[in-house]
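Undergrad: Got protein.txt for you, compact mmCIF, C-alpha atoms and all ligand atoms:
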# COMPACT_ATOMS: atom_id res chain seq x y z
CA MET A 19 -23.90 -37.29 16.98
CA LYS A 20 -24.14 -33.71 15.68
CA ARG A 21 -25.41 -33.33 12.12
CA PHE A 22 -24.50 -30.41 9.88
CA ILE A 23 -25.48 -29.09 6.51
CA VAL A 24 -22.60 -27.49 4.64
CA THR A 25 -23.77 -25.46 1.65
CA GLY A 26 -21.20 -24.93 -1.09
CA GLY A 27 -19.42 -28.08 0.10
CA TYR A 28 -17.74 -28.81 -3.22
CA GLY A 29 -16.06 -25.39 -3.17
CA PHE A 30 -12.65 -24.53 -1.75
CA ILE A 31 -13.50 -23.73 1.88
CA GLY A 32 -16.61 -25.92 2.05
CA SER A 33 -14.67 -29.05 1.08
CA SER A 34 -12.01 -28.31 3.69
CA LEU A 35 -14.72 -27.79 6.34
CA ILE A 36 -16.43 -31.06 5.39
CA LYS A 37 -13.17 -32.99 5.76
CA LEU A 38 -12.64 -31.46 9.20
CA LEU A 39 -16.21 -32.15 10.35
CA LEU A 40 -15.97 -35.78 9.22
CA LYS A 41 -12.63 -36.12 11.00
CA LYS A 42 -14.40 -35.02 14.16
CA ASN A 43 -17.02 -37.73 13.56
CA PHE A 44 -19.91 -35.42 12.75
CA LYS A 45 -22.49 -36.22 10.12
CA VAL A 46 -22.38 -33.94 7.06
CA ILE A 47 -24.95 -33.19 4.40
CA ASN A 48 -23.28 -31.36 1.54
CA ILE A 49 -25.65 -29.15 -0.42
CA ASP A 50 -24.20 -27.67 -3.57
CA LYS A 51 -25.69 -26.63 -6.87
CA LEU A 52 -22.40 -27.50 -8.60
CA SER A 53 -21.59 -24.17 -10.24
CA TYR A 54 -18.40 -23.60 -12.25
CA SER A 55 -16.32 -23.29 -9.04
CA ALA A 56 -17.49 -26.59 -7.54
CA GLN A 57 -14.94 -29.35 -8.01
CA LYS A 58 -16.01 -32.95 -7.46
CA TYR A 59 -12.38 -33.97 -6.96
CA ASN A 60 -12.31 -31.73 -3.87
CA LEU A 61 -14.05 -34.52 -1.96
CA ARG A 62 -12.82 -37.46 -3.98
CA GLY A 63 -12.30 -40.65 -1.99
CA ILE A 64 -14.66 -39.82 0.86
CA THR A 65 -16.38 -43.07 1.71
CA SER A 66 -17.65 -42.22 5.19
CA LYS A 67 -21.21 -43.28 5.89
CA ASN A 68 -21.52 -39.97 7.73
CA TYR A 69 -21.36 -38.06 4.45
CA ILE A 70 -24.18 -37.35 2.01
CA PHE A 71 -24.22 -35.08 -1.04
CA ILE A 72 -27.46 -33.62 -2.38
CA LYS A 73 -27.44 -31.38 -5.43
CA ILE A 74 -29.64 -28.41 -4.54
CA ASP A 75 -29.56 -24.68 -5.18
CA ILE A 76 -29.97 -22.78 -1.89
CA ASN A 77 -32.61 -20.75 -3.72
CA ASN A 78 -34.84 -23.83 -3.75
CA LYS A 79 -36.75 -23.36 -0.48
CA LYS A 80 -38.93 -26.43 -0.88
CA LYS A 81 -36.02 -28.82 -1.31
CA ILE A 82 -33.97 -27.29 1.51
CA LEU A 83 -36.92 -27.53 3.91
CA LYS A 84 -37.37 -31.17 2.90
CA VAL A 85 -33.70 -31.85 3.76
CA LEU A 86 -34.10 -30.14 7.15
CA ARG A 87 -37.19 -32.21 7.95
CA LYS A 88 -35.54 -35.44 6.87
CA TYR A 89 -32.10 -35.07 8.47
CA LYS A 90 -32.89 -32.70 11.38
CA PRO A 91 -29.45 -31.06 11.36
CA HIS A 92 -28.18 -29.13 14.38
CA GLY A 93 -26.53 -26.51 12.22
CA ILE A 94 -26.01 -25.08 8.76
CA PHE A 95 -22.69 -23.67 7.61
CA ASN A 96 -23.53 -21.46 4.65
CA LEU A 97 -20.63 -21.24 2.20
CA ALA A 98 -22.65 -21.33 -1.01
CA ALA A 99 -21.78 -18.17 -2.90
CA ASP A 100 -20.23 -16.63 -5.96
CA THR A 101 -16.85 -15.41 -4.80
CA HIS A 102 -14.64 -13.95 -7.50
CA VAL A 103 -14.51 -10.13 -7.42
CA ASP A 104 -13.52 -9.84 -11.10
CA ARG A 105 -16.53 -11.90 -12.17
CA SER A 106 -18.78 -9.68 -10.03
CA ILE A 107 -17.46 -6.67 -11.95
CA SER A 108 -18.07 -8.15 -15.39
CA ASP A 109 -21.53 -9.53 -14.45
CA SER A 110 -23.11 -9.16 -11.01
CA SER A 111 -26.29 -11.12 -11.62
CA ASN A 112 -25.16 -14.43 -10.07
CA PHE A 113 -23.85 -12.54 -7.04
CA ILE A 114 -27.26 -11.01 -6.41
CA LYS A 115 -28.98 -14.34 -7.00
CA ASN A 116 -26.72 -16.62 -4.95
CA ASN A 117 -25.25 -14.31 -2.32
CA ILE A 118 -28.32 -12.19 -1.51
CA LEU A 119 -31.43 -14.06 -2.65
CA GLY A 120 -29.87 -17.41 -1.73
CA VAL A 121 -29.27 -16.24 1.84
CA TYR A 122 -32.74 -14.70 2.01
CA ASN A 123 -34.20 -18.05 0.97
CA LEU A 124 -32.14 -19.96 3.54
CA LEU A 125 -33.31 -17.54 6.23
CA GLU A 126 -36.94 -18.00 5.19
CA VAL A 127 -36.54 -21.78 5.38
CA ILE A 128 -35.01 -21.54 8.85
CA LYS A 129 -37.79 -19.20 9.95
CA ASN A 130 -40.48 -21.60 8.70
CA TYR A 131 -38.74 -24.72 10.02
CA LYS A 132 -39.37 -23.55 13.59
CA LYS A 133 -37.09 -26.18 15.16
CA LYS A 134 -33.82 -25.41 16.92
CA ILE A 135 -31.07 -24.96 14.35
CA ARG A 136 -28.04 -22.66 14.23
CA LEU A 137 -26.86 -20.90 11.09
CA VAL A 138 -23.18 -20.09 10.77
CA HIS A 139 -23.12 -17.65 7.89
CA ILE A 140 -19.73 -17.24 6.24
CA SER A 141 -18.99 -13.68 5.20
CA THR A 142 -15.80 -11.83 4.38
CA ASP A 143 -13.48 -9.04 5.52
CA GLU A 144 -14.23 -7.30 2.20
CA VAL A 145 -17.53 -5.95 3.60
CA TYR A 146 -15.49 -3.39 5.60
CA GLY A 147 -14.08 -1.93 2.39
CA ASP A 148 -10.72 -0.22 2.04
CA ILE A 149 -8.97 0.07 5.42
CA ILE A 150 -6.85 3.18 5.17
CA GLY A 151 -3.53 3.71 6.98
CA THR A 152 -2.62 1.37 9.80
CA LYS A 153 -6.12 0.87 11.23
CA LYS A 154 -7.67 -2.56 11.58
CA SER A 155 -11.39 -3.26 11.26
CA ASN A 156 -13.03 -4.78 14.33
CA GLU A 157 -16.58 -6.13 14.39
CA ASN A 158 -18.05 -2.64 15.02
CA PHE A 159 -16.45 -1.17 11.92
CA PRO A 160 -18.97 0.24 9.39
CA TYR A 161 -19.69 -1.72 6.23
CA THR A 162 -18.43 0.14 3.13
CA PRO A 163 -18.15 -2.53 0.43
CA SER A 164 -16.50 -1.51 -2.84
CA SER A 165 -17.25 -4.30 -5.32
CA PRO A 166 -20.52 -5.96 -6.33
CA TYR A 167 -19.14 -9.10 -4.63
CA SER A 168 -18.52 -7.43 -1.26
CA ALA A 169 -21.78 -5.48 -1.54
CA SER A 170 -23.67 -8.75 -2.05
CA LYS A 171 -21.96 -10.25 1.01
CA ALA A 172 -22.71 -7.14 3.06
CA SER A 173 -26.38 -7.32 2.04
CA ALA A 174 -26.57 -10.93 3.17
CA ASP A 175 -24.99 -10.07 6.54
CA HIS A 176 -27.63 -7.38 7.11
CA LEU A 177 -30.38 -9.86 6.25
CA VAL A 178 -28.98 -12.41 8.71
CA ASN A 179 -28.85 -9.78 11.47
CA ALA A 180 -32.40 -8.67 10.68
CA TYR A 181 -33.72 -12.25 10.90
CA VAL A 182 -31.96 -12.78 14.22
CA ARG A 183 -33.51 -9.66 15.67
CA THR A 184 -36.96 -9.83 14.10
CA HIS A 185 -37.60 -13.55 13.72
CA LYS A 186 -35.37 -14.74 16.58
CA ILE A 187 -33.47 -17.24 14.44
CA ASP A 188 -30.14 -18.45 15.86
CA ALA A 189 -27.26 -17.27 13.69
CA VAL A 190 -23.65 -16.13 13.88
CA ILE A 191 -21.65 -14.43 11.14
CA SER A 192 -17.96 -14.87 10.39
CA ASN A 193 -15.97 -12.17 8.59
CA CYS A 194 -12.82 -13.88 7.40
CA SER A 195 -9.82 -12.61 5.49
CA ASN A 196 -8.38 -14.10 2.25
CA ASN A 197 -8.07 -17.86 2.47
CA TYR A 198 -5.49 -20.00 0.71
CA GLY A 199 -4.57 -23.67 0.62
CA PRO A 200 -5.25 -26.82 -1.37
CA ARG A 201 -8.29 -27.14 -3.65
CA GLN A 202 -8.82 -23.45 -4.40
CA HIS A 203 -10.16 -22.59 -7.85
CA PRO A 204 -7.27 -21.46 -10.12
CA GLU A 205 -8.95 -18.12 -10.85
CA LYS A 206 -7.80 -16.86 -7.40
CA LEU A 207 -4.40 -15.20 -6.86
CA ILE A 208 -2.32 -17.91 -5.16
CA PRO A 209 -3.43 -20.93 -7.25
CA LYS A 210 -3.24 -18.81 -10.38
CA MET A 211 0.39 -17.94 -9.66
CA ILE A 212 1.23 -21.57 -8.86
CA TYR A 213 -0.55 -22.79 -11.98
CA ASN A 214 1.28 -20.26 -14.17
CA ILE A 215 4.66 -21.14 -12.65
CA LEU A 216 3.98 -24.83 -13.28
CA ASN A 217 3.00 -24.02 -16.88
CA ASN A 218 5.82 -21.59 -17.67
CA LYS A 219 3.57 -18.54 -17.99
CA PRO A 220 3.91 -14.90 -16.85
CA LEU A 221 2.56 -13.91 -13.42
CA PRO A 222 -0.03 -11.12 -13.85
CA ILE A 223 -0.36 -8.81 -10.84
CA TYR A 224 -2.67 -5.82 -10.58
CA SER A 225 -1.10 -2.37 -10.69
CA LYS A 226 2.28 -2.43 -8.93
CA GLY A 227 1.40 -5.28 -6.59
CA ARG A 228 1.31 -3.06 -3.51
CA ASN A 229 -2.25 -3.92 -2.41
CA LEU A 230 -2.27 -5.43 1.06
CA ARG A 231 -4.23 -8.51 2.04
CA GLU A 232 -4.43 -10.65 5.17
CA TRP A 233 -3.91 -14.35 4.44
CA ILE A 234 -5.24 -17.26 6.45
CA TYR A 235 -4.67 -20.95 5.79
CA VAL A 236 -8.00 -22.59 5.01
CA THR A 237 -7.98 -25.16 7.84
CA ASP A 238 -7.42 -22.39 10.40
CA HIS A 239 -10.57 -20.70 9.06
CA CYS A 240 -12.50 -24.00 9.25
CA ASP A 241 -11.37 -24.57 12.88
CA ALA A 242 -12.74 -21.13 13.72
CA LEU A 243 -16.08 -21.86 12.00
CA ILE A 244 -16.58 -24.98 14.11
CA LYS A 245 -15.80 -22.90 17.23
CA LEU A 246 -18.43 -20.41 16.14
CA PHE A 247 -21.05 -23.14 15.92
CA PHE A 248 -20.34 -24.41 19.43
CA LYS A 249 -19.34 -21.23 21.25
CA GLY A 250 -20.32 -18.15 19.22
CA ARG A 251 -23.04 -15.89 20.61
CA SER A 252 -26.20 -15.72 18.58
CA GLY A 253 -26.61 -12.47 16.66
CA GLU A 254 -22.90 -11.67 16.86
CA LYS A 255 -20.20 -11.28 14.25
CA TYR A 256 -16.67 -12.61 14.55
CA ASN A 257 -13.67 -11.53 12.53
CA ILE A 258 -11.33 -14.37 11.58
CA GLY A 259 -7.86 -13.32 10.54
CA SER A 260 -4.30 -14.56 10.89
CA GLY A 261 -2.73 -11.13 11.40
CA ILE A 262 -0.45 -11.97 8.44
CA ASN A 263 -0.71 -8.94 6.14
CA CYS A 264 1.44 -8.63 3.06
CA THR A 265 1.53 -7.03 -0.35
CA ASN A 266 0.64 -9.11 -3.40
CA ILE A 267 4.16 -8.72 -4.75
CA PHE A 268 5.68 -10.00 -1.49
CA LEU A 269 3.34 -12.98 -1.65
CA VAL A 270 4.17 -13.85 -5.25
CA LYS A 271 7.90 -13.65 -4.48
CA LYS A 272 7.31 -15.98 -1.54
CA ILE A 273 5.60 -18.50 -3.83
CA LEU A 274 8.54 -18.31 -6.25
CA LYS A 275 10.92 -18.86 -3.33
CA SER A 276 8.95 -21.89 -2.25
CA PHE A 277 9.38 -23.38 -5.75
CA LYS A 278 13.12 -22.70 -5.55
CA ASN A 279 13.38 -24.27 -2.09
CA LYS A 280 11.66 -27.36 -3.43
CA LYS A 281 14.06 -27.36 -6.41
CA ILE A 282 11.15 -27.24 -8.86
CA LYS A 283 12.29 -25.95 -12.23
CA ILE A 284 10.99 -22.48 -13.10
CA GLY A 285 10.63 -21.76 -16.84
CA LYS A 286 12.01 -18.69 -18.63
CA LYS A 287 8.56 -17.20 -19.31
CA VAL A 288 7.74 -17.05 -15.58
CA LYS A 289 8.10 -13.31 -14.93
CA ILE A 290 6.09 -10.87 -12.86
CA LEU A 291 3.85 -8.88 -15.18
CA PHE A 292 2.10 -5.77 -13.84
CA VAL A 293 -1.35 -5.41 -15.39
CA LYS A 294 -4.01 -2.66 -15.40
CA ASP A 295 -5.62 -2.34 -11.97
CA ARG A 296 -9.06 -3.76 -11.18
CA PRO A 297 -11.76 -1.04 -11.13
CA GLY A 298 -12.57 0.07 -7.58
CA HIS A 299 -9.76 -2.13 -6.22
CA ASP A 300 -9.50 -1.91 -2.43
CA PHE A 301 -5.95 -1.13 -1.42
CA ARG A 302 -5.87 -2.71 2.01
CA TYR A 303 -7.82 -5.10 4.22
CA ALA A 304 -6.74 -5.69 7.81
CA LEU A 305 -8.78 -7.36 10.52
CA ASN A 306 -8.74 -6.98 14.26
CA SER A 307 -9.52 -10.56 15.33
CA ASN A 308 -9.12 -10.09 19.08
CA LYS A 309 -12.74 -11.00 19.78
CA ILE A 310 -12.57 -14.61 18.56
CA LYS A 311 -9.10 -15.01 20.06
CA LYS A 312 -10.13 -13.79 23.50
CA LYS A 313 -13.73 -14.96 23.76
CA LEU A 314 -13.55 -18.27 21.89
CA LYS A 315 -9.86 -19.06 22.52
CA TRP A 316 -9.19 -19.59 18.81
CA LYS A 317 -5.87 -18.90 17.20
CA PRO A 318 -4.41 -19.74 13.78
CA LYS A 319 -1.85 -22.57 13.67
CA ILE A 320 -0.26 -22.31 10.21
CA ASN A 321 2.23 -19.56 9.38
CA LEU A 322 2.67 -18.18 5.85
CA ASN A 323 5.82 -20.19 4.99
CA GLN A 324 4.24 -23.47 6.09
CA GLY A 325 0.96 -22.63 4.37
CA ILE A 326 2.53 -21.68 1.04
CA SER A 327 4.74 -24.75 1.09
CA LYS A 328 1.75 -27.06 1.75
CA THR A 329 -0.25 -25.32 -0.98
CA VAL A 330 2.52 -25.59 -3.59
CA ASP A 331 2.93 -29.28 -2.69
CA TRP A 332 -0.77 -29.92 -3.29
CA TYR A 333 -0.89 -28.22 -6.68
P1 LIG B 401 -15.92 -21.38 -4.01
O1 LIG B 401 -16.25 -20.55 -5.18
O2 LIG B 401 -14.70 -22.22 -4.05
O3 LIG B 401 -17.15 -22.35 -3.67
C1 LIG B 401 -18.47 -21.91 -3.65
C2 LIG B 401 -19.37 -23.14 -3.74
O4 LIG B 401 -20.73 -22.70 -3.58
C3 LIG B 401 -19.31 -23.88 -5.09
O5 LIG B 401 -19.15 -25.26 -4.86
C4 LIG B 401 -20.64 -23.56 -5.74
O6 LIG B 401 -21.12 -24.60 -6.59
C5 LIG B 401 -21.54 -23.38 -4.53
N1 LIG B 401 -22.72 -22.54 -4.79
C6 LIG B 401 -22.75 -21.30 -5.32
N2 LIG B 401 -24.01 -20.84 -5.37
C7 LIG B 401 -24.81 -21.83 -4.88
C8 LIG B 401 -26.20 -21.96 -4.67
N3 LIG B 401 -27.05 -20.99 -5.03
N4 LIG B 401 -26.68 -23.10 -4.12
C9 LIG B 401 -25.83 -24.11 -3.78
N5 LIG B 401 -24.50 -24.05 -3.97
C10 LIG B 401 -23.99 -22.91 -4.50
O7 LIG B 401 -15.90 -20.38 -2.77
P2 LIG B 401 -15.00 -20.37 -1.46
O8 LIG B 401 -13.75 -19.65 -1.74
O9 LIG B 401 -14.93 -21.74 -0.89
O10 LIG B 401 -15.89 -19.44 -0.51
C11 LIG B 401 -16.90 -19.97 0.34
C12 LIG B 401 -17.49 -18.86 1.19
O11 LIG B 401 -16.48 -18.26 1.97
C13 LIG B 401 -18.15 -17.74 0.38
O12 LIG B 401 -19.30 -17.31 1.04
C14 LIG B 401 -17.12 -16.62 0.41
O13 LIG B 401 -17.72 -15.35 0.32
C15 LIG B 401 -16.51 -16.84 1.78
N6 LIG B 401 -15.13 -16.35 1.93
C16 LIG B 401 -14.16 -16.77 1.06
C17 LIG B 401 -12.86 -16.32 1.22
C18 LIG B 401 -11.75 -16.77 0.30
O14 LIG B 401 -10.64 -16.23 0.39
N7 LIG B 401 -11.95 -17.76 -0.55
C19 LIG B 401 -12.55 -15.42 2.26
C20 LIG B 401 -13.56 -15.03 3.13
C21 LIG B 401 -14.85 -15.51 2.96
Render the structure in this file as structure tokens.
TA:
Amino acid sequence: MKRFIVTGGYGFIGSSLIKLLLKKNFKVINIDKLSYSAQKYNLRGITSKNYIFIKIDINNKKKILKVLRKYKPHGIFNLAADTHVDRSISDSSNFIKNNILGVYNLLEVIKNYKKKIRLVHISTDEVYGDIIGTKKSNENFPYTPSSPYSASKASADHLVNAYVRTHKIDAVISNCSNNYGPRQHPEKLIPKMIYNILNNKPLPIYSKGRNLREWIYVTDHCDALIKLFFKGRSGEKYNIGSGINCTNIFLVKKILKSFKNKKIKIGKKVKILFVKDRPGHDFRYALNSNKIKKKLKWKPKINLNQGISKTVDWY
């Protein structure tokens, strides 16, 4: 039976990945330091004997090495990170600590462990920066991150590549687009809109809502991550995107429509409210995900209407 460490397993994507790994009968060791974005209810009700949670900060090399020696996992999915761009603008310190130093520490542990283990490091499409016009970023696109968050993720990706080349560790990197689905922290766009609709509050959108993002349903991302563990080539990067690009305003209108279709009452105070733009806000992200589709035969299964409907139902 394959054994995996998932770091950041009480977060949005980590909890979804853990559920999927357990469904496939793998053993999972969830390592999470339980920051503000960790939610214990994300994994409520899991009684599987294949699941263990250990509270550790990925910066704690000693403890992580102890876990590796004890459980001898085949792989580590690293999702432990600080992830909210706005927070990285108001204070970057946790982003440097968790997203850069944390990854450096994980890499050092893997280097010193010296046994066969594969790291699947979860990065983001934001490392490519603003994608102007109609272009799409493939895996050879230069990194031009715009926010402290994306810069911290880009730094970590470079460290992973350097450890693969210099220390011959086995690692693959995923660059995924915006995720959505159940269990996401309400500070992020989609859950925030749903939460505000449910609570009869205005719907704040940056600038005029024209920024374009590519949206992927969280389980489609998790499927791809498992593929990367089994089939990805060491030292390579894989973009993971749905190809579904839309403006924020289109998305918010779609959420409102989903409420209407479900005949959920919408209060009078629920109105789109354009707010001052985020500093350095990237206008557009768009991934070329042909590599994972062609080489690993992965494709997303959930379209935007289905995904939004499932997400609204959960909240
Ligand atoms: P999240 O904020 O929901 O969860 C992050 C988890 O990591 C939390 O449970 C937190 O406690 C834990 N954590 C943070 N620092 C830690 C540390 N030092 N040691 C141990 N645990 C720590 O985040 P998410 O949205 O699930 O994102 C997971 C990963 O996926 C991140 O690396 C993020 O950059 C990447 N990603 C996210 C998206 C998205 O749209 N959410 C898109 C692409 C990539």
Undergrad: With only C-alpha atoms as the basis for distance, which of A:Met211, A:Leu305, A:Leu40, A:Val288 is at the shortest distance from Ile234 in chain A?
TA: A:Leu305
Undergrad: List the spatial neighbours of Lys67 in chain A as a list in words - criterion: any atom at most 12 Å away, all atoms listed in the file, same-chain residues fewer than 3 positions off excluded.
TA: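 After dropping sequence-adjacent residues, the list is Leu40, Asn43, Phe44, Lys45, Val46, Ile47, Ile64, Ile70 and Phe71 of chain A.
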Undergrad: Under the rule that all atoms listed in the file are counted, which of A:Ala98, A:Leu39, A:Val138, A:Ala180 is the nearest residue to Met19 in chain A?
TA: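 Nearest to Met19 in chain A: A:Leu39.
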Undergrad: Mind checking which residues fall within 8 Å of Tyr28 in chain A, counting only C-alpha atoms, ignoring those fewer than 2 positions away in the same chain, and posting them as a ChimeraX atom specification?
TA: /A:26,30,32-33,48,50,52,56-58,60-61
Undergrad: Calculate how many Å separate atom O13 of ligand LIG 401 (chain B) from CA of Thr101 in chain A, rounding to one decimal.
TA: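 Distance reported for this atom pair: 5.2 Å.
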Undergrad: Per residue of chain A within 7 Å of ligand LIG 401 (chain B), which atom pair is closest and at what distance in Å (one decimal), using all atoms listed in the file, listed by chain and increasing number, as a Markdown table?
TA:
| residue | atom | partner | partner_atom | distance |
| --- | --- | --- | --- | --- |
| A:Thr25 | CA | B:LIG401 | N5 | 5.8 |
| A:Gly26 | CA | B:LIG401 | O4 | 3.4 |
| A:Gly27 | CA | B:LIG401 | O5 | 5.7 |
| A:Tyr28 | CA | B:LIG401 | O5 | 4.2 |
| A:Gly29 | CA | B:LIG401 | O3 | 3.3 |
| A:Phe30 | CA | B:LIG401 | O9 | 3.7 |
| A:Ile31 | CA | B:LIG401 | O9 | 3.7 |
| A:Gly32 | CA | B:LIG401 | O9 | 5.4 |
| A:Ile49 | CA | B:LIG401 | C9 | 6.1 |
| A:Asp50 | CA | B:LIG401 | N5 | 3.7 |
| A:Lys51 | CA | B:LIG401 | C9 | 4.0 |
| A:Leu52 | CA | B:LIG401 | O6 | 3.8 |
| A:Ser53 | CA | B:LIG401 | O6 | 3.7 |
| A:Tyr54 | CA | B:LIG401 | O6 | 6.4 |
| A:Ser55 | CA | B:LIG401 | O1 | 4.7 |
| A:Ala56 | CA | B:LIG401 | O5 | 3.4 |
| A:Gln57 | CA | B:LIG401 | O5 | 6.7 |
| A:Ile74 | CA | B:LIG401 | C9 | 5.8 |
| A:Asp75 | CA | B:LIG401 | N4 | 3.5 |
| A:Ile76 | CA | B:LIG401 | N4 | 4.0 |
| A:Asn77 | CA | B:LIG401 | N3 | 5.7 |
| A:Asn96 | CA | B:LIG401 | O12 | 6.9 |
| A:Leu97 | CA | B:LIG401 | C12 | 4.1 |
| A:Ala98 | CA | B:LIG401 | O4 | 3.5 |
| A:Ala99 | CA | B:LIG401 | C6 | 4.1 |
| A:Asp100 | CA | B:LIG401 | C6 | 5.3 |
| A:Thr101 | CA | B:LIG401 | O1 | 5.2 |
| A:Asn116 | CA | B:LIG401 | N3 | 4.4 |
| A:Gly120 | CA | B:LIG401 | N3 | 5.6 |
| A:Ile140 | CA | B:LIG401 | O12 | 5.2 |
| A:Ser141 | CA | B:LIG401 | C21 | 5.1 |
| A:Thr142 | CA | B:LIG401 | C21 | 4.1 |
| A:Asp143 | CA | B:LIG401 | C20 | 6.4 |
| A:Lys171 | CA | B:LIG401 | O13 | 6.7 |
| A:Asn193 | CA | B:LIG401 | C20 | 6.6 |
| A:Cys194 | CA | B:LIG401 | C20 | 4.5 |
| A:Ser195 | CA | B:LIG401 | C20 | 5.0 |
| A:Asn196 | CA | B:LIG401 | O14 | 3.6 |
| A:Asn197 | CA | B:LIG401 | O14 | 3.7 |
| A:Tyr198 | CA | B:LIG401 | O14 | 6.4 |
| A:Gln202 | CA | B:LIG401 | O2 | 6.0 |
| A:His203 | CA | B:LIG401 | O2 | 5.9 |
Undergrad: List as an mmCIF file with C-alpha atoms, keeping the file's coordinate frame the protein and nucleic acid residues near range 215-225 of chain A, meaning an atom at most 9 Å away when only C-alpha atoms are counted, but skip any in the same chain fewer than 5 places from it.
TA:
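Saved as out.cif:
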data_model
loop_
_atom_site.group_PDB
_atom_site.id
_atom_site.type_symbol
_atom_site.label_atom_id
_atom_site.label_comp_id
_atom_site.auth_asym_id
_atom_site.auth_seq_id
_atom_site.Cartn_x
_atom_site.Cartn_y
_atom_site.Cartn_z
ATOM 1 C CA LEU A 207 -4.400 -15.200 -6.860
ATOM 2 C CA LYS A 210 -3.240 -18.810 -10.380
ATOM 3 C CA ASN A 266 0.640 -9.110 -3.400
ATOM 4 C CA ILE A 267 4.160 -8.720 -4.750
ATOM 5 C CA VAL A 270 4.170 -13.850 -5.250
ATOM 6 C CA LEU A 274 8.540 -18.310 -6.250
ATOM 7 C CA PHE A 277 9.380 -23.380 -5.750
ATOM 8 C CA ILE A 282 11.150 -27.240 -8.860
ATOM 9 C CA LYS A 283 12.290 -25.950 -12.230
ATOM 10 C CA ILE A 284 10.990 -22.480 -13.100
ATOM 11 C CA GLY A 285 10.630 -21.760 -16.840
ATOM 12 C CA LYS A 286 12.010 -18.690 -18.630
ATOM 13 C CA LYS A 287 8.560 -17.200 -19.310
ATOM 14 C CA VAL A 288 7.740 -17.050 -15.580
ATOM 15 C CA LYS A 289 8.100 -13.310 -14.930
ATOM 16 C CA ILE A 290 6.090 -10.870 -12.860
ATOM 17 C CA LEU A 291 3.850 -8.880 -15.180
ATOM 18 C CA PHE A 292 2.100 -5.770 -13.840
ATOM 19 C CA VAL A 293 -1.350 -5.410 -15.390
ATOM 20 C CA LYS A 294 -4.010 -2.660 -15.400
ATOM 21 C CA ASP A 295 -5.620 -2.340 -11.970
ATOM 22 C CA ARG A 296 -9.060 -3.760 -11.180
ATOM 23 C CA TYR A 333 -0.890 -28.220 -6.680
#
Undergrad: What is the CA of Tyr181 in chain A-CA of Ser165 in chain A distance in Å, reported with one decimal?
TA: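 Straight-line distance from CA of Tyr181 in chain A to CA of Ser165 in chain A works out to 24.4 Å.
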Undergrad: Determine, counting all atoms listed in the file, every residue of protein, DNA or RNA that lies within 9 Å of (-37.5, -23.4, 5.6) in the file coordinates, then give the result as a PyMOL selection string.
TA: chain A and resi 79-84+86+123-132
Undergrad: Just checking: using all atoms listed in the file, which residue out of A:Val24, A:Leu314, A:Cys264, A:Ile191 ends up closest to Leu38 in chain A?
TA: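 Selected residue with least distance to Leu38 in chain A: A:Val24.
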Undergrad: Of the candidates A:Lys226, A:Lys281, A:Lys88, A:Arg231, which shows the shortest atom-to-atom distance to Ile208 in chain A, using all atoms listed in the file?
TA: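 Of all the options, A:Arg231 lies closest to Ile208 in chain A.
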Undergrad: Name the residues in contact with Asn257 in chain A at a cut-off of 12 Å, using only C-alpha atoms, excluding same-chain residues fewer than 5 positions from it; report them as JSON, numbers by chain.
TA: {"A": [140, 141, 142, 143, 144, 145, 146, 154, 155, 156, 157, 158, 159, 190, 191, 192, 193, 194, 195, 196, 232, 234, 239, 242, 243, 246, 250, 304, 305, 306, 307, 308, 309, 310, 311, 312, 313, 314, 316, 317]}
Undergrad: Now that the selection is made, can you save its residues with C-alpha atoms as a CSV table (one decimal), in the coordinates of the input?
TA:
chain,number,residue,atom,x,y,z
A,140,ILE,CA,-19.7,-17.2,6.2
A,141,SER,CA,-19.0,-13.7,5.2
A,142,THR,CA,-15.8,-11.8,4.4
A,143,ASP,CA,-13.5,-9.0,5.5
A,144,GLU,CA,-14.2,-7.3,2.2
A,145,VAL,CA,-17.5,-6.0,3.6
A,146,TYR,CA,-15.5,-3.4,5.6
A,154,LYS,CA,-7.7,-2.6,11.6
A,155,SER,CA,-11.4,-3.3,11.3
A,156,ASN,CA,-13.0,-4.8,14.3
A,157,GLU,CA,-16.6,-6.1,14.4
A,158,ASN,CA,-18.0,-2.6,15.0
A,159,PHE,CA,-16.4,-1.2,11.9
A,190,VAL,CA,-23.6,-16.1,13.9
A,191,ILE,CA,-21.6,-14.4,11.1
A,192,SER,CA,-18.0,-14.9,10.4
A,193,ASN,CA,-16.0,-12.2,8.6
A,194,CYS,CA,-12.8,-13.9,7.4
A,195,SER,CA,-9.8,-12.6,5.5
A,196,ASN,CA,-8.4,-14.1,2.2
A,232,GLU,CA,-4.4,-10.6,5.2
A,234,ILE,CA,-5.2,-17.3,6.4
A,239,HIS,CA,-10.6,-20.7,9.1
A,242,ALA,CA,-12.7,-21.1,13.7
A,243,LEU,CA,-16.1,-21.9,12.0
A,246,LEU,CA,-18.4,-20.4,16.1
A,250,GLY,CA,-20.3,-18.2,19.2
A,304,ALA,CA,-6.7,-5.7,7.8
A,305,LEU,CA,-8.8,-7.4,10.5
A,306,ASN,CA,-8.7,-7.0,14.3
A,307,SER,CA,-9.5,-10.6,15.3
A,308,ASN,CA,-9.1,-10.1,19.1
A,309,LYS,CA,-12.7,-11.0,19.8
A,310,ILE,CA,-12.6,-14.6,18.6
A,311,LYS,CA,-9.1,-15.0,20.1
A,312,LYS,CA,-10.1,-13.8,23.5
A,313,LYS,CA,-13.7,-15.0,23.8
A,314,LEU,CA,-13.6,-18.3,21.9
A,316,TRP,CA,-9.2,-19.6,18.8
A,317,LYS,CA,-5.9,-18.9,17.2
Undergrad: Figure out the distance between CA of Lys73 in chain A and CA of Ile23 in chain A, please, to one decimal in Å.
TA: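 Taking CA of Ile23 in chain A and CA of Lys73 in chain A, their separation equals 12.3 Å.
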